[in-house]
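Q: Next up is a structure, given as structure tokens.
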Amino acid sequence: MSLAGKTAIVTGGSRGIGKAIVQALARAGAKVAFTYHSNSLAAESLLSELKGEGHEVLAYQADAADKAAADKLVEEIVEKWGGIYVLVNNAGIIKDGLLATMSFEQWQAVINANLNSVFNYSQAVTRPMMSARQGRIINISSVAANFGNSGQANYAASKGGIEGFTRCLANELGRRGITCNAIAPGFISTDMTEAIRNAAEDTIKKQIPARRLGNPEDIANAVLFFASEGASYVTGNVLTVDGGLTLGAGM
């Protein structure tokens, strides 16, 4: 899947799923700008790796929930590279807790980072994509949007909101040659899921028909599909990438 000559933005791109997405897009030929919140060492390591392979990659330290920062970053990328073809809204956090004891700060932090960030960057890229009459917006959701896990009211609400937003945006932008899709990962081996994996990895694997946890590359491959020309007639969809977890088999 060649993305030669295309440009991309990935939020939350320095680690885990975001890192794999940045690597995949760059190695497919795209120029990639990614954001990171605080881990400058991880961002610099990824930059060094990909630039060493001859890819054009930029890193921006930014809070994805900051609307002004999103607008400025997109404006800079459009000026530098002439447009934006792919946006991957990947930035996200978890702050789990039962609703009875969840603070408003816990609720708001997750909604801001996971859902408001999707609005921020999607709105910012809409005008340049509409002017070019082409584009791919790809939002990273989660199977948690439909599972209703105890202790994840904030996280599930943010991901459910992303899926509804994805469908609305697909409807609004389809006539301009822009697609908007979401990917819902299951259990993926990342820093974010480390605590869960340490406590119950074997139990989790028994619930997954594929009998393994996902890798960040599994999600990156789905992103490559949605970003490709082969997906030009696919929009408003949520692709579940979970090894069959949501089928309920193996439980």
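Ordering of the structure tokens sets the chain letters (A, B, ...), residue numbers begin anew at 1 in every chain, and ligands are numbered from 1 in the order given.
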Residues near Val88 (chain A), anyone? I mean within 10 Å using only C-alpha atoms, not counting same-chain ones fewer than 2 positions away, as a ChimeraX atom specification.
A: /A:8-13,18,21-22,34,86,90-91,118,121-122,136-140,180-182,223,227
Q: Considering only C-alpha atoms, return as a PDB file with N, CA and C atoms, in the first residue's frame whatever protein or nucleic-acid residues lie within 10 Å of Thr240 (chain A), sequence-local ones (same chain, fewer than 2 positions apart) excluded.
A:
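As a result, out-v7.pdb now contains:
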ATOM      1  N   SER A 141     -10.837   4.073  18.291  1.00  0.00           N
ATOM      2  CA  SER A 141     -11.849   3.880  19.325  1.00  0.00           C
ATOM      3  C   SER A 141     -11.397   2.737  20.242  1.00  0.00           C
ATOM      4  N   SER A 142     -12.311   1.883  20.663  1.00  0.00           N
ATOM      5  CA  SER A 142     -11.988   0.751  21.532  1.00  0.00           C
ATOM      6  C   SER A 142     -13.212  -0.143  21.644  1.00  0.00           C
ATOM      7  N   VAL A 143     -12.983  -1.439  21.854  1.00  0.00           N
ATOM      8  CA  VAL A 143     -14.115  -2.332  22.108  1.00  0.00           C
ATOM      9  C   VAL A 143     -14.816  -1.946  23.399  1.00  0.00           C
ATOM     10  N   ALA A 182     -13.373   4.463  11.842  1.00  0.00           N
ATOM     11  CA  ALA A 182     -12.795   4.239  13.168  1.00  0.00           C
ATOM     12  C   ALA A 182     -12.299   2.804  13.276  1.00  0.00           C
ATOM     13  N   ILE A 183     -11.362   2.595  14.160  1.00  0.00           N
ATOM     14  CA  ILE A 183     -10.838   1.270  14.464  1.00  0.00           C
ATOM     15  C   ILE A 183     -11.014   1.042  15.957  1.00  0.00           C
ATOM     16  N   ALA A 184     -11.576  -0.106  16.314  1.00  0.00           N
ATOM     17  CA  ALA A 184     -11.815  -0.437  17.719  1.00  0.00           C
ATOM     18  C   ALA A 184     -10.906  -1.592  18.136  1.00  0.00           C
ATOM     19  N   PRO A 185      -9.758  -1.290  18.726  1.00  0.00           N
ATOM     20  CA  PRO A 185      -8.871  -2.359  19.182  1.00  0.00           C
ATOM     21  C   PRO A 185      -9.445  -3.103  20.387  1.00  0.00           C
ATOM     22  N   GLY A 186      -9.047  -4.358  20.502  1.00  0.00           N
ATOM     23  CA  GLY A 186      -9.333  -5.115  21.716  1.00  0.00           C
ATOM     24  C   GLY A 186      -8.158  -4.972  22.662  1.00  0.00           C
ATOM     25  N   ILE A 219      -3.067  -2.961  14.633  1.00  0.00           N
ATOM     26  CA  ILE A 219      -3.875  -1.744  14.452  1.00  0.00           C
ATOM     27  C   ILE A 219      -3.294  -0.888  13.332  1.00  0.00           C
ATOM     28  N   ALA A 222      -4.493  -1.956   9.992  1.00  0.00           N
ATOM     29  CA  ALA A 222      -5.850  -1.501   9.694  1.00  0.00           C
ATOM     30  C   ALA A 222      -5.850  -0.044   9.268  1.00  0.00           C
ATOM     31  N   ASN A 237     -17.444   3.547   8.925  1.00  0.00           N
ATOM     32  CA  ASN A 237     -17.363   2.224   9.522  1.00  0.00           C
ATOM     33  C   ASN A 237     -16.518   2.207  10.791  1.00  0.00           C
ATOM     34  N   VAL A 238     -16.820   1.242  11.661  1.00  0.00           N
ATOM     35  CA  VAL A 238     -15.983   0.949  12.824  1.00  0.00           C
ATOM     36  C   VAL A 238     -15.460  -0.470  12.644  1.00  0.00           C
ATOM     37  N   ASP A 242      -9.785  -7.273  17.278  1.00  0.00           N
ATOM     38  CA  ASP A 242      -9.704  -7.788  18.650  1.00  0.00           C
ATOM     39  C   ASP A 242      -9.489  -9.298  18.743  1.00  0.00           C
ATOM     40  N   GLY A 243      -9.099  -9.938  17.633  1.00  0.00           N
ATOM     41  CA  GLY A 243      -8.872 -11.373  17.671  1.00  0.00           C
ATOM     42  C   GLY A 243     -10.124 -12.191  17.925  1.00  0.00           C
ATOM     43  N   GLY A 244     -11.298 -11.543  17.789  1.00  0.00           N
ATOM     44  CA  GLY A 244     -12.569 -12.234  18.012  1.00  0.00           C
ATOM     45  C   GLY A 244     -13.106 -12.103  19.417  1.00  0.00           C
ATOM     46  N   LEU A 245     -12.490 -11.248  20.247  1.00  0.00           N
ATOM     47  CA  LEU A 245     -12.912 -11.101  21.634  1.00  0.00           C
ATOM     48  C   LEU A 245     -14.395 -10.784  21.779  1.00  0.00           C
ATOM     49  N   THR A 246     -14.899  -9.852  20.956  1.00  0.00           N
ATOM     50  CA  THR A 246     -16.283  -9.436  21.087  1.00  0.00           C
ATOM     51  C   THR A 246     -17.293 -10.456  20.565  1.00  0.00           C
TER      52      THR A 246
END
Q: Using only C-alpha atoms, pick whichever of A:Asp96, A:Asp191, A:Glu229, A:Asp202 has the shortest atom-to-atom distance to Lys19 (chain A).
A: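 Residue with the minimum atom-to-atom distance to Lys19 (chain A): A:Asp191.
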Q: Would you please extract all helix (DSSP H, G or I) residues from region 39-175 of chain A, as assigned by DSSP on the backbone, and give them as a ChimeraX atom specification?
A: /A:40-52,67-81,104-132,144-147,153-175
Q: With only C-alpha atoms as the atoms that count, which of A:Ala153, A:Leu247, A:Val125, A:Leu224 lies nearest to Gln207 (chain A)?
A: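 Closest to Gln207 (chain A), using only C-alpha atoms: A:Leu247.
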Q: Could you list, as JSON, numbers by chain, every residue within 9 Å of His37 (chain A), counting only C-alpha atoms and ignoring same-chain residues fewer than 6 positions away?
A: {"A": [12, 14, 60, 61, 62, 63, 64, 91]}
Q: Got a sec: who's within 7 Å of Ser158 (chain A), counting only C-alpha atoms, leaving out chain neighbours fewer than 5 positions off, as a list in words?
A: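 What passes the distance filter is Ile111, Asn114 and Leu115 of chain A.
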Q: Go ahead and write the residues just picked, C-alpha atoms, as a compact mmCIF listing (two decimals), in the first residue's frame.
A:
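Once everything was written out, this is again-v8.txt:
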# COMPACT_ATOMS: atom_id res chain seq x y z
CA ILE A 111 -13.17 13.20 27.77
CA ASN A 114 -9.86 11.07 24.11
CA LEU A 115 -12.89 12.81 22.60
Q: Measuring atom to atom with only C-alpha atoms, identify which of A:Ala33, A:Pro216, A:Ile77, A:Gly92 is nearest to His55 (chain A).
A: A:Ala33
Q: So the first atom is CA of Lys51 (chain A) and the second is CA of Tyr36 (chain A); what is the distance between them in Å, to one decimal place?
A: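 Interatomic distance, CA of Lys51 (chain A) to CA of Tyr36 (chain A): 17.3 Å.
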Q: For Asp66 (chain A), list every protein, DNA or RNA residue within 9 Å, evaluated using only C-alpha atoms, and leave out those in the same chain fewer than 6 positions away; present the list as JSON, numbers by chain.
A: {"A": [112, 113, 116, 117, 120]}
Q: What does the structure give for the distance between CA of Tyr233 (chain A) and CA of Ala170 (chain A), in Å to one decimal?
A: 11.1 Å
Q: Figure out the distance between CA of Asn154 (chain A) and CA of Trp107 (chain A), please, to one decimal in Å.
A: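 Separation of CA of Trp107 (chain A) and CA of Asn154 (chain A): 5.3 Å.
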Q: DSSP on the backbone: what in region 2-207 of chain A comes out strand (DSSP E), as a PyMOL selection string?
A: chain A and resi 7-10+31-36+57-61+86-89+135-140+178-185
Q: Pick out the residues sitting within 9 Å of Gly5 (chain A), and hand them over as number ranges by chain; count only C-alpha atoms, and ignore anything fewer than 5 positions along from it in its own chain.
A: A: 29-31
Q: Take the residues from that selection and put them in a file with N, CA and C atoms, as a PDB file, in the first residue's frame.
A:
ATOM      1  N   GLY A  29       5.600   5.380   2.675  1.00  0.00           N
ATOM      2  CA  GLY A  29       5.982   6.487   1.816  1.00  0.00           C
ATOM      3  C   GLY A  29       5.448   7.846   2.195  1.00  0.00           C
ATOM      4  N   ALA A  30       4.613   7.915   3.244  1.00  0.00           N
ATOM      5  CA  ALA A  30       4.020   9.195   3.622  1.00  0.00           C
ATOM      6  C   ALA A  30       4.993  10.064   4.409  1.00  0.00           C
ATOM      7  N   LYS A  31       4.816  11.369   4.299  1.00  0.00           N
ATOM      8  CA  LYS A  31       5.462  12.307   5.215  1.00  0.00           C
ATOM      9  C   LYS A  31       4.576  12.363   6.457  1.00  0.00           C
TER      10      LYS A  31
END
